[in-house]
>>> print(open('start01.pdb').read())   # PDB, C-alpha atoms, pLDDT in the B column
ATOM      1  CA  MET A 112      13.106   3.125 -32.626  1.00 57.00           C
ATOM      2  CA  SER A 113      10.942   4.892 -35.213  1.00 72.00           C
ATOM      3  CA  ARG A 114       8.289   2.175 -34.880  1.00 78.00           C
ATOM      4  CA  TRP A 115       8.058   2.798 -31.122  1.00 68.00           C
ATOM      5  CA  ALA A 116       7.661   6.534 -31.757  1.00 72.00           C
ATOM      6  CA  LEU A 117       4.907   5.925 -34.298  1.00 78.00           C
ATOM      7  CA  LYS A 118       3.142   3.518 -31.955  1.00 71.00           C
ATOM      8  CA  GLY A 119       3.274   6.121 -29.174  1.00 68.00           C
ATOM      9  CA  LEU A 120       1.763   8.777 -31.406  1.00 70.00           C
ATOM     10  CA  LYS A 121      -0.983   6.374 -32.495  1.00 74.00           C
ATOM     11  CA  THR A 122      -1.807   5.196 -28.965  1.00 69.00           C
ATOM     12  CA  GLY A 123      -1.906   8.656 -27.437  1.00 70.00           C
ATOM     13  CA  VAL A 124      -2.163   9.251 -23.697  1.00 65.00           C
ATOM     14  CA  VAL A 125      -2.188   5.983 -21.754  1.00 80.00           C
ATOM     15  CA  THR A 126      -1.918   7.332 -18.204  1.00 88.00           C
ATOM     16  CA  THR A 127      -4.605   6.025 -15.849  1.00 91.00           C
ATOM     17  CA  SER A 128      -7.629   8.265 -15.452  1.00 89.00           C
ATOM     18  CA  TYR A 129      -7.646   7.662 -11.671  1.00 94.00           C
ATOM     19  CA  PRO A 130      -8.406   9.659  -9.570  1.00 93.00           C
ATOM     20  CA  GLY A 131     -10.170  11.864 -12.083  1.00 89.00           C
ATOM     21  CA  GLY A 132     -12.135   8.903 -13.447  1.00 87.00           C
ATOM     22  CA  ASP A 133     -12.710   5.209 -12.924  1.00 86.00           C
ATOM     23  CA  GLU A 134      -9.905   2.738 -13.624  1.00 87.00           C
ATOM     24  CA  ARG A 135     -11.225   0.271 -16.192  1.00 81.00           C
ATOM     25  CA  ALA A 136      -8.088  -1.718 -17.052  1.00 83.00           C
ATOM     26  CA  SER A 137      -8.298  -5.431 -16.306  1.00 82.00           C
ATOM     27  CA  GLY A 138      -5.931  -7.038 -13.817  1.00 85.00           C
ATOM     28  CA  ILE A 139      -5.121  -3.736 -12.159  1.00 89.00           C
ATOM     29  CA  SER A 140      -5.732  -5.145  -8.687  1.00 91.00           C
ATOM     30  CA  PRO A 141      -5.601  -8.639  -7.125  1.00 89.00           C
ATOM     31  CA  GLY A 142      -8.362  -7.600  -4.748  1.00 88.00           C
ATOM     32  CA  LEU A 143      -8.975  -8.558  -1.128  1.00 88.00           C
ATOM     33  CA  PRO A 144     -11.606 -10.738   0.574  1.00 86.00           C
ATOM     34  CA  VAL A 145     -14.355  -8.605   2.075  1.00 82.00           C
ATOM     35  CA  SER A 146     -16.230 -11.158   4.154  1.00 76.00           C
ATOM     36  CA  GLY A 147     -15.206 -13.903   6.544  1.00 72.00           C
ATOM     37  CA  THR A 148     -16.494 -17.455   6.724  1.00 78.00           C
ATOM     38  CA  THR A 149     -17.610 -20.105   9.180  1.00 79.00           C
ATOM     39  CA  ASN A 150     -16.180 -22.866   6.988  1.00 83.00           C
ATOM     40  CA  GLN A 151     -13.431 -24.309   9.174  1.00 85.00           C
ATOM     41  CA  ALA A 152     -11.626 -25.808   6.174  1.00 84.00           C
ATOM     42  CA  VAL A 153     -11.340 -22.350   4.629  1.00 85.00           C
ATOM     43  CA  ILE A 154     -10.235 -20.758   7.900  1.00 87.00           C
ATOM     44  CA  ALA A 155      -7.567 -23.440   8.321  1.00 87.00           C
ATOM     45  CA  ALA A 156      -6.375 -22.953   4.737  1.00 87.00           C
ATOM     46  CA  CYS A 157      -5.310 -19.345   5.383  1.00 88.00           C
ATOM     47  CA  PRO A 158      -1.551 -19.398   6.160  1.00 89.00           C
ATOM     48  CA  VAL A 159      -1.585 -16.009   7.919  1.00 89.00           C
ATOM     49  CA  HIS A 160      -4.787 -16.374   9.990  1.00 88.00           C
ATOM     50  CA  ALA A 161      -6.568 -13.575   8.165  1.00 88.00           C
ATOM     51  CA  LEU A 162      -9.948 -15.309   8.506  1.00 87.00           C
ATOM     52  CA  ASP A 163     -12.043 -16.143  11.527  1.00 80.00           C
ATOM     53  CA  ASN A 164     -15.694 -16.977  12.127  1.00 74.00           C
ATOM     54  CA  GLY A 165     -17.428 -14.360  10.013  1.00 72.00           C
ATOM     55  CA  GLY A 166     -14.605 -11.843   9.827  1.00 82.00           C
ATOM     56  CA  VAL A 167     -11.570 -11.001   7.739  1.00 87.00           C
ATOM     57  CA  ARG A 168      -8.406  -9.156   8.784  1.00 88.00           C
ATOM     58  CA  ARG A 169      -7.502  -7.418   5.545  1.00 89.00           C
ATOM     59  CA  ASN A 170      -4.134  -6.241   6.839  1.00 91.00           C
ATOM     60  CA  ARG A 171      -3.008  -9.853   7.156  1.00 91.00           C
ATOM     61  CA  CYS A 172      -4.137 -11.017   3.708  1.00 91.00           C
ATOM     62  CA  ILE A 173      -1.285 -12.055   1.382  1.00 91.00           C
ATOM     63  CA  ASP A 174      -3.397 -12.559  -1.761  1.00 88.00           C
ATOM     64  CA  CYS A 175      -2.671 -16.287  -1.928  1.00 88.00           C
ATOM     65  CA  TYR A 176      -6.295 -17.098  -2.916  1.00 87.00           C
ATOM     66  CA  ARG A 177      -6.338 -20.291  -0.831  1.00 87.00           C
ATOM     67  CA  CYS A 178      -9.658 -19.247   0.688  1.00 85.00           C
ATOM     68  CA  ALA A 179     -11.177 -18.645  -2.747  1.00 82.00           C
ATOM     69  CA  ARG A 180      -9.875 -21.960  -4.088  1.00 82.00           C
ATOM     70  CA  THR A 181     -11.178 -24.109  -1.231  1.00 80.00           C
ATOM     71  CA  GLN A 182     -13.840 -26.453  -2.549  1.00 64.00           C
ATOM     72  CA  GLY A 183     -17.395 -25.477  -1.759  1.00 60.00           C
ATOM     73  CA  GLU A 184     -16.622 -21.911  -0.671  1.00 61.00           C
ATOM     74  CA  ASN A 185     -17.585 -18.739  -2.533  1.00 71.00           C
ATOM     75  CA  MET A 186     -15.692 -15.873  -0.930  1.00 77.00           C
ATOM     76  CA  ALA A 187     -16.871 -12.322  -1.478  1.00 81.00           C
ATOM     77  CA  TRP A 188     -14.032 -10.430  -3.127  1.00 84.00           C
ATOM     78  CA  ASP A 189     -13.281  -6.751  -3.570  1.00 85.00           C
ATOM     79  CA  ARG A 190     -11.568  -6.095  -6.900  1.00 86.00           C
ATOM     80  CA  GLY A 191     -11.050  -2.435  -6.117  1.00 90.00           C
ATOM     81  CA  PHE A 192      -7.978  -0.738  -4.677  1.00 93.00           C
ATOM     82  CA  GLU A 193      -9.171   2.062  -2.369  1.00 94.00           C
ATOM     83  CA  TRP A 194      -8.123   0.189   0.774  1.00 91.00           C
ATOM     84  CA  ALA A 195      -5.844   2.686   2.490  1.00 94.00           C
ATOM     85  CA  GLN A 196      -6.713   3.197   6.150  1.00 95.00           C
ATOM     86  CA  VAL A 197      -5.971   6.716   7.315  1.00 95.00           C
ATOM     87  CA  LYS A 198      -6.106   8.306  10.734  1.00 93.00           C
ATOM     88  CA  LYS A 199      -8.373  11.325  10.351  1.00 89.00           C
ATOM     89  CA  GLU A 200      -6.237  13.451  12.632  1.00 92.00           C
ATOM     90  CA  ALA A 201      -3.162  12.678  10.502  1.00 93.00           C
ATOM     91  CA  VAL A 202      -4.423  14.239   7.254  1.00 94.00           C
ATOM     92  CA  LEU A 203      -1.889  16.854   6.156  1.00 93.00           C
ATOM     93  CA  PRO A 204      -2.905  20.534   6.017  1.00 90.00           C
ATOM     94  CA  ALA A 205      -4.057  22.180   2.804  1.00 87.00           C
ATOM     95  CA  PRO A 206      -0.649  23.339   1.432  1.00 82.00           C
ATOM     96  CA  PHE A 207       0.407  19.685   1.055  1.00 86.00           C
ATOM     97  CA  LYS A 208      -2.364  19.021  -1.474  1.00 82.00           C
ATOM     98  CA  HIS A 209      -0.230  20.493  -4.232  1.00 84.00           C
ATOM     99  CA  ALA A 210       3.225  18.962  -3.718  1.00 91.00           C
ATOM    100  CA  VAL A 211       4.551  16.279  -1.385  1.00 96.00           C
ATOM    101  CA  ASN A 212       8.047  14.793  -1.171  1.00 96.00           C
ATOM    102  CA  ILE A 213       8.291  11.100  -0.304  1.00 97.00           C
ATOM    103  CA  ARG A 214      11.154   9.039   1.088  1.00 97.00           C
ATOM    104  CA  VAL A 215      10.866   5.280   0.502  1.00 97.00           C
ATOM    105  CA  LEU A 216      12.565   2.903   2.935  1.00 96.00           C
ATOM    106  CA  ASP A 217      13.146  -0.817   2.428  1.00 94.00           C
ATOM    107  CA  ALA A 218      13.039  -2.166   5.982  1.00 92.00           C
ATOM    108  CA  GLY A 219      13.312  -5.818   4.925  1.00 89.00           C
ATOM    109  CA  ASP A 220      11.158  -6.124   1.829  1.00 90.00           C
ATOM    110  CA  CYS A 221      11.179  -9.208  -0.415  1.00 89.00           C
ATOM    111  CA  GLY A 222      11.059  -6.930  -3.465  1.00 90.00           C
ATOM    112  CA  ALA A 223       7.353  -7.177  -4.243  1.00 93.00           C
ATOM    113  CA  CYS A 224       6.124  -4.027  -2.487  1.00 95.00           C
ATOM    114  CA  LEU A 225       9.133  -2.033  -3.695  1.00 95.00           C
ATOM    115  CA  SER A 226       8.411  -3.144  -7.247  1.00 95.00           C
ATOM    116  CA  GLU A 227       4.865  -1.778  -6.969  1.00 96.00           C
ATOM    117  CA  ILE A 228       6.118   1.474  -5.452  1.00 96.00           C
ATOM    118  CA  GLU A 229       8.575   1.862  -8.354  1.00 95.00           C
ATOM    119  CA  GLN A 230       5.673   1.607 -10.797  1.00 95.00           C
ATOM    120  CA  LEU A 231       4.314   4.907  -9.495  1.00 95.00           C
ATOM    121  CA  ASN A 232       6.967   6.725 -11.520  1.00 92.00           C
ATOM    122  CA  ASN A 233       6.179   5.027 -14.827  1.00 92.00           C
ATOM    123  CA  PRO A 234       4.068   6.702 -17.538  1.00 89.00           C
ATOM    124  CA  TYR A 235       0.918   4.737 -16.745  1.00 92.00           C
ATOM    125  CA  TYR A 236       0.628   5.844 -13.104  1.00 94.00           C
ATOM    126  CA  ASN A 237       2.737   9.029 -13.361  1.00 93.00           C
ATOM    127  CA  MET A 238       2.330  10.178  -9.772  1.00 95.00           C
ATOM    128  CA  HIS A 239       4.106  13.452 -10.611  1.00 95.00           C
ATOM    129  CA  ARG A 240       0.892  14.677 -12.239  1.00 94.00           C
ATOM    130  CA  LEU A 241      -0.687  14.464  -8.778  1.00 95.00           C
ATOM    131  CA  GLY A 242       2.107  16.334  -7.023  1.00 95.00           C
ATOM    132  CA  PHE A 243       3.924  13.351  -5.483  1.00 96.00           C
ATOM    133  CA  PHE A 244       7.702  13.185  -5.807  1.00 96.00           C
ATOM    134  CA  ILE A 245      10.344  10.759  -4.527  1.00 96.00           C
ATOM    135  CA  THR A 246      13.271  12.339  -2.703  1.00 95.00           C
ATOM    136  CA  PRO A 247      16.563  10.601  -1.858  1.00 93.00           C
ATOM    137  CA  THR A 248      17.029  12.537   1.383  1.00 94.00           C
ATOM    138  CA  PRO A 249      14.806  12.402   4.471  1.00 95.00           C
ATOM    139  CA  ARG A 250      15.597  16.048   5.242  1.00 96.00           C
ATOM    140  CA  LYS A 251      13.351  17.075   2.358  1.00 95.00           C
ATOM    141  CA  ALA A 252      10.669  14.428   2.879  1.00 96.00           C
ATOM    142  CA  ASP A 253       7.121  15.039   4.090  1.00 96.00           C
ATOM    143  CA  ILE A 254       6.076  11.379   3.989  1.00 97.00           C
ATOM    144  CA  LEU A 255       8.001   8.205   4.793  1.00 98.00           C
ATOM    145  CA  ILE A 256       6.840   5.027   3.045  1.00 98.00           C
ATOM    146  CA  VAL A 257       8.085   1.841   4.694  1.00 97.00           C
ATOM    147  CA  ALA A 258       7.850  -1.600   3.074  1.00 95.00           C
ATOM    148  CA  GLY A 259       8.822  -4.993   4.456  1.00 91.00           C
ATOM    149  CA  THR A 260       9.340  -6.523   7.867  1.00 90.00           C
ATOM    150  CA  ILE A 261      11.398  -4.435  10.258  1.00 90.00           C
ATOM    151  CA  THR A 262      14.662  -6.346  10.429  1.00 89.00           C
ATOM    152  CA  LYS A 263      17.150  -5.862  13.278  1.00 89.00           C
ATOM    153  CA  GLN A 264      19.684  -4.332  10.900  1.00 92.00           C
ATOM    154  CA  MET A 265      17.233  -1.822   9.430  1.00 93.00           C
ATOM    155  CA  ARG A 266      15.628  -0.629  12.653  1.00 93.00           C
ATOM    156  CA  PRO A 267      18.395   1.953  13.402  1.00 95.00           C
ATOM    157  CA  VAL A 268      18.170   3.172   9.788  1.00 96.00           C
ATOM    158  CA  LEU A 269      14.408   3.550  10.133  1.00 96.00           C
ATOM    159  CA  MET A 270      14.768   5.594  13.303  1.00 96.00           C
ATOM    160  CA  LYS A 271      17.499   7.847  11.883  1.00 97.00           C
ATOM    161  CA  THR A 272      15.451   8.446   8.738  1.00 97.00           C
ATOM    162  CA  TRP A 273      12.341   9.334  10.716  1.00 97.00           C
ATOM    163  CA  GLU A 274      14.217  11.645  13.085  1.00 97.00           C
ATOM    164  CA  ALA A 275      15.850  13.481  10.167  1.00 97.00           C
ATOM    165  CA  MET A 276      12.507  14.373   8.571  1.00 97.00           C
ATOM    166  CA  PRO A 277      11.059  17.852   9.241  1.00 95.00           C
ATOM    167  CA  THR A 278       7.619  18.275  10.775  1.00 92.00           C
ATOM    168  CA  PRO A 279       4.827  17.852   9.964  1.00 93.00           C
ATOM    169  CA  LYS A 280       5.693  14.369   8.765  1.00 95.00           C
ATOM    170  CA  ARG A 281       3.621  11.277   8.124  1.00 97.00           C
ATOM    171  CA  LEU A 282       4.320   7.532   8.062  1.00 97.00           C
ATOM    172  CA  ILE A 283       2.809   5.069   5.582  1.00 98.00           C
ATOM    173  CA  ALA A 284       3.063   1.302   6.047  1.00 97.00           C
ATOM    174  CA  VAL A 285       2.839  -0.521   2.723  1.00 97.00           C
ATOM    175  CA  GLY A 286       2.031  -4.227   2.559  1.00 94.00           C
ATOM    176  CA  ALA A 287       1.191  -7.076   4.905  1.00 93.00           C
ATOM    177  CA  CYS A 288       4.773  -7.471   6.156  1.00 92.00           C
ATOM    178  CA  ALA A 289       5.013  -3.922   7.494  1.00 93.00           C
ATOM    179  CA  LEU A 290       1.527  -4.206   8.981  1.00 93.00           C
ATOM    180  CA  THR A 291       1.308  -7.716  10.442  1.00 91.00           C
ATOM    181  CA  HIS A 292       4.559  -9.637   9.665  1.00 84.00           C
ATOM    182  CA  GLY A 293       3.021 -11.235   6.545  1.00 83.00           C
ATOM    183  CA  VAL A 294       4.441 -14.743   6.062  1.00 83.00           C
ATOM    184  CA  PHE A 295       7.477 -14.079   8.262  1.00 80.00           C
ATOM    185  CA  GLY A 296       5.926 -14.911  11.626  1.00 69.00           C
ATOM    186  CA  GLN A 297       6.446 -13.008  14.844  1.00 69.00           C
ATOM    187  CA  ASP A 298      10.243 -12.839  15.023  1.00 70.00           C
ATOM    188  CA  SER A 299      10.442  -9.135  14.180  1.00 72.00           C
ATOM    189  CA  PRO A 300       8.319  -6.130  15.214  1.00 81.00           C
ATOM    190  CA  VAL A 301       5.752  -4.583  12.921  1.00 88.00           C
ATOM    191  CA  LEU A 302       6.090  -0.919  12.033  1.00 93.00           C
ATOM    192  CA  SER A 303       3.380   0.228  14.457  1.00 92.00           C
ATOM    193  CA  ASP A 304       5.367  -1.310  17.332  1.00 91.00           C
ATOM    194  CA  ILE A 305       8.162   1.184  16.654  1.00 94.00           C
ATOM    195  CA  LEU A 306       6.580   4.341  15.216  1.00 95.00           C
ATOM    196  CA  PRO A 307       3.025   5.742  14.954  1.00 94.00           C
ATOM    197  CA  VAL A 308       1.612   4.704  11.581  1.00 96.00           C
ATOM    198  CA  ASP A 309      -0.645   7.248   9.886  1.00 96.00           C
ATOM    199  CA  VAL A 310      -1.645   5.272   6.789  1.00 96.00           C
ATOM    200  CA  ALA A 311      -1.946   1.493   6.413  1.00 96.00           C
ATOM    201  CA  ILE A 312      -2.112   0.000   2.915  1.00 96.00           C
ATOM    202  CA  PRO A 313      -2.822  -3.755   2.975  1.00 94.00           C
ATOM    203  CA  GLY A 314      -1.913  -6.210   0.221  1.00 93.00           C
ATOM    204  CA  CYS A 315       0.911  -8.559  -0.662  1.00 93.00           C
ATOM    205  CA  PRO A 316       1.856  -6.512  -2.509  1.00 93.00           C
ATOM    206  CA  PRO A 317      -0.726  -3.714  -2.774  1.00 95.00           C
ATOM    207  CA  PRO A 318      -1.208  -2.519  -6.367  1.00 95.00           C
ATOM    208  CA  PRO A 319       0.151   0.907  -7.347  1.00 96.00           C
ATOM    209  CA  LEU A 320      -3.307   2.489  -7.344  1.00 96.00           C
ATOM    210  CA  ALA A 321      -3.825   1.412  -3.726  1.00 96.00           C
ATOM    211  CA  ILE A 322      -0.633   3.275  -2.824  1.00 97.00           C
ATOM    212  CA  ILE A 323      -1.776   6.330  -4.788  1.00 97.00           C
ATOM    213  CA  HIS A 324      -5.081   6.164  -2.919  1.00 97.00           C
ATOM    214  CA  GLY A 325      -3.153   6.210   0.369  1.00 97.00           C
ATOM    215  CA  LEU A 326      -1.198   9.279  -0.724  1.00 97.00           C
ATOM    216  CA  LEU A 327      -4.377  11.036  -1.839  1.00 96.00           C
ATOM    217  CA  ALA A 328      -6.051  10.195   1.462  1.00 95.00           C
ATOM    218  CA  ILE A 329      -3.231  11.489   3.669  1.00 96.00           C
ATOM    219  CA  THR A 330      -3.291  14.790   1.735  1.00 95.00           C
ATOM    220  CA  GLY A 331      -7.065  15.084   2.137  1.00 93.00           C
ATOM    221  CA  ARG A 332      -7.951  14.536  -1.505  1.00 93.00           C
ATOM    222  CA  LYS A 333      -9.689  11.163  -1.054  1.00 93.00           C
ATOM    223  CA  PRO A 334     -11.483   9.551   1.898  1.00 92.00           C
ATOM    224  CA  GLY A 335      -9.720   6.623   3.544  1.00 90.00           C
ATOM    225  CA  SER A 336     -11.126   3.326   4.786  1.00 84.00           C
ATOM    226  CA  ASP A 337     -11.918   2.572   8.428  1.00 78.00           C
ATOM    227  CA  TRP A 338      -8.840   2.210  10.654  1.00 77.00           C
ATOM    228  CA  GLU A 339      -8.061  -1.492  11.194  1.00 74.00           C
ATOM    229  CA  VAL A 340      -4.409  -1.593  12.234  1.00 67.00           C
ATOM    230  CA  GLU A 341      -3.937  -4.283  14.905  1.00 61.00           C
TER     231      GLU A 341
END
>>> encode(input="start01.pdb", output="structure tokens")
Amino acid sequence: MSRWALKGLKTGVVTTSYPGGDERASGISPGLPVSGTTNQAVIAACPVHALDNGGVRRNRCIDCYRCARTQGENMAWDRGFEWAQVKKEAVLPAPFKHAVNIRVLDAGDCGACLSEIEQLNNPYYNMHRLGFFITPTPRKADILIVAGTITKQMRPVLMKTWEAMPTPKRLIAVGACALTHGVFGQDSPVLSDILPVDVAIPGCPPPPLAIIHGLLAITGRKPGSDWEVE
């Protein structure tokens, strides 16, 4: 135990400098393709139809890298994480810039997106320093984060949670499954079919900093990307 304490004192502060500075750690983000292709072999290789002739649907991408691995193709790739798409009219008023309570709902997640959301509380990301706090009750929540496909069993829970939240309230869809079914096909609705989504964060799963970017954007502290929700 003493060795861990000494190592901590020697290392010092290890919390990410984002958003106050650039994130320079390697492997912090899997990235997303930023350009489409006319290579039919590459288009056919995508299991979720995220590519078409010259375009890319980022909300469908599951980070499988099949397009990047296809022989003879050099896909343009964004290694950043500021992907969150935010409706401009949904940005919360000024008082919410200082403290926001968040309710997280697993609507049918495989565990990947929830694992990334859980990382927000660890010392490296430490979202508390930015005024973001997880609450166990929707009655105290300002923002609802939903991850996973919307299963039949969880749809009533989703609705009850949303209805219990006070206004103004905002809804964030995290990950390809909540946005476009991901790899699970069309058997269940996506979140936007049920409730109005205010923030869309693509990725499978999106890295923690992408989720932080979404939270910063909905509170007006960072600009969001162009709205692409299908």
>>> resolve_selection(input="start01.pdb", expression="the PyMOL selection byres ((chain A and resi 336) around 6)", output="PyMOL selection string")
chain A and resi 194-196+335+337
>>> closest_atom_pairs(input="start01.pdb", of="region 143-251 of chain A", to="region 270-284 of chain A", cutoff="9 Å", atoms="only C-alpha atoms", output="tab-separated table")
residue	atom	partner	partner_atom	distance
A:Ala201	CA	A:Arg281	CA	7.3
A:Val202	CA	A:Arg281	CA	8.6
A:Leu203	CA	A:Pro279	CA	7.8
A:Arg214	CA	A:Thr272	CA	8.8
A:Leu216	CA	A:Thr272	CA	8.5
A:Thr248	CA	A:Thr272	CA	8.6
A:Pro249	CA	A:Met276	CA	5.1
A:Arg250	CA	A:Met276	CA	4.8
A:Lys251	CA	A:Met276	CA	6.8
>>> atom_distance(input="start01.pdb", atom1="CA of Ala156 (chain A)", atom2="CA of Cys315 (chain A)")
17.0 Å
>>> residues_near_point(input="start01.pdb", point="(4.3, -12.8, 4.2)", cutoff="12 Å", atoms="all atoms listed in the file", output="ChimeraX atom specification")
/A:157-161,170-175,219-224,258-260,286-297,313-316
>>> write_last_selection(input="start01.pdb", atoms="C-alpha atoms", output="tab-separated table (two decimals), keeping the file's coordinate frame")
chain	number	residue	atom	x	y	z
A	157	CYS	CA	-5.31	-19.34	5.38
A	158	PRO	CA	-1.55	-19.40	6.16
A	159	VAL	CA	-1.58	-16.01	7.92
A	160	HIS	CA	-4.79	-16.37	9.99
A	161	ALA	CA	-6.57	-13.58	8.16
A	170	ASN	CA	-4.13	-6.24	6.84
A	171	ARG	CA	-3.01	-9.85	7.16
A	172	CYS	CA	-4.14	-11.02	3.71
A	173	ILE	CA	-1.28	-12.06	1.38
A	174	ASP	CA	-3.40	-12.56	-1.76
A	175	CYS	CA	-2.67	-16.29	-1.93
A	219	GLY	CA	13.31	-5.82	4.92
A	220	ASP	CA	11.16	-6.12	1.83
A	221	CYS	CA	11.18	-9.21	-0.42
A	222	GLY	CA	11.06	-6.93	-3.46
A	223	ALA	CA	7.35	-7.18	-4.24
A	224	CYS	CA	6.12	-4.03	-2.49
A	258	ALA	CA	7.85	-1.60	3.07
A	259	GLY	CA	8.82	-4.99	4.46
A	260	THR	CA	9.34	-6.52	7.87
A	286	GLY	CA	2.03	-4.23	2.56
A	287	ALA	CA	1.19	-7.08	4.90
A	288	CYS	CA	4.77	-7.47	6.16
A	289	ALA	CA	5.01	-3.92	7.49
A	290	LEU	CA	1.53	-4.21	8.98
A	291	THR	CA	1.31	-7.72	10.44
A	292	HIS	CA	4.56	-9.64	9.66
A	293	GLY	CA	3.02	-11.24	6.54
A	294	VAL	CA	4.44	-14.74	6.06
A	295	PHE	CA	7.48	-14.08	8.26
A	296	GLY	CA	5.93	-14.91	11.63
A	297	GLN	CA	6.45	-13.01	14.84
A	313	PRO	CA	-2.82	-3.76	2.98
A	314	GLY	CA	-1.91	-6.21	0.22
A	315	CYS	CA	0.91	-8.56	-0.66
A	316	PRO	CA	1.86	-6.51	-2.51
>>> atom_distance(input="start01.pdb", atom1="CA of Glu200 (chain A)", atom2="CA of Ile228 (chain A)")
25.0 Å
>>> axis_aligned_box(input="start01.pdb", around="region 207-215 of chain A", padding_each_side="5 Å", output="lines of an AutoDock Vina configuration file")
center_x = 4.4
center_y = 12.9
center_z = -1.6
size_x = 23.5
size_y = 25.2
size_z = 15.3
>>> closest_residue(input="start01.pdb", among="A:Pro317, A:Pro130, A:Pro247, A:Gly191", to="Gln230 (chain A)", atoms="all atoms listed in the file")
A:Pro317
>>> resolve_selection(input="start01.pdb", expression="the PyMOL selection byres ((chain A and resi 321) around 8)", output="list in words")
Phe192, Glu193, Trp194, Ala195, Ile312, Pro317, Pro318, Pro319, Leu320, Ile322, Ile323, His324 and Gly325 of chain A
>>> resolve_selection(input="start01.pdb", expression="the PyMOL selection byres ((chain A and resi 189) around 8)", output="PyMOL selection string")
chain A and resi 142-145+187-188+190-191
>>> closest_residue(input="start01.pdb", among="A:Glu227, A:Val211, A:Ser128, A:Val153", to="Leu327 (chain A)", atoms="only C-alpha atoms")
A:Val211
>>> build_atoms(input="start01.pdb", residues="region 228-239 of chain A", atoms="N, CA and C atoms", output="mmCIF file, in the coordinates of the input")
data_model
loop_
_atom_site.group_PDB
_atom_site.id
_atom_site.type_symbol
_atom_site.label_atom_id
_atom_site.label_comp_id
_atom_site.auth_asym_id
_atom_site.auth_seq_id
_atom_site.Cartn_x
_atom_site.Cartn_y
_atom_site.Cartn_z
ATOM 1 N N ILE A 228 5.849 0.060 -5.722
ATOM 2 C CA ILE A 228 6.118 1.474 -5.452
ATOM 3 C C ILE A 228 6.868 2.101 -6.628
ATOM 4 N N GLU A 229 7.807 1.361 -7.209
ATOM 5 C CA GLU A 229 8.575 1.862 -8.354
ATOM 6 C C GLU A 229 7.676 2.150 -9.555
ATOM 7 N N GLN A 230 6.587 1.406 -9.665
ATOM 8 C CA GLN A 230 5.673 1.607 -10.797
ATOM 9 C C GLN A 230 5.004 2.982 -10.772
ATOM 10 N N LEU A 231 4.978 3.608 -9.607
ATOM 11 C CA LEU A 231 4.314 4.907 -9.495
ATOM 12 C C LEU A 231 4.976 5.960 -10.364
ATOM 13 N N ASN A 232 6.237 5.755 -10.704
ATOM 14 C CA ASN A 232 6.967 6.725 -11.520
ATOM 15 C C ASN A 232 6.841 6.458 -13.012
ATOM 16 N N ASN A 233 6.236 5.328 -13.395
ATOM 17 C CA ASN A 233 6.179 5.027 -14.827
ATOM 18 C C ASN A 233 5.059 5.825 -15.505
ATOM 19 N N PRO A 234 5.035 5.853 -16.834
ATOM 20 C CA PRO A 234 4.068 6.702 -17.538
ATOM 21 C C PRO A 234 2.607 6.359 -17.256
ATOM 22 N N TYR A 235 2.323 5.093 -16.944
ATOM 23 C CA TYR A 235 0.918 4.737 -16.745
ATOM 24 C C TYR A 235 0.358 5.355 -15.466
ATOM 25 N N TYR A 236 1.116 5.305 -14.374
ATOM 26 C CA TYR A 236 0.628 5.844 -13.104
ATOM 27 C C TYR A 236 1.047 7.303 -12.898
ATOM 28 N N ASN A 237 2.266 7.639 -13.297
ATOM 29 C CA ASN A 237 2.737 9.029 -13.361
ATOM 30 C C ASN A 237 2.288 9.850 -12.151
ATOM 31 N N MET A 238 2.787 9.495 -10.978
ATOM 32 C CA MET A 238 2.330 10.178 -9.772
ATOM 33 C C MET A 238 2.752 11.644 -9.721
ATOM 34 N N HIS A 239 3.693 12.048 -10.576
ATOM 35 C CA HIS A 239 4.106 13.452 -10.611
ATOM 36 C C HIS A 239 2.949 14.363 -11.004
#
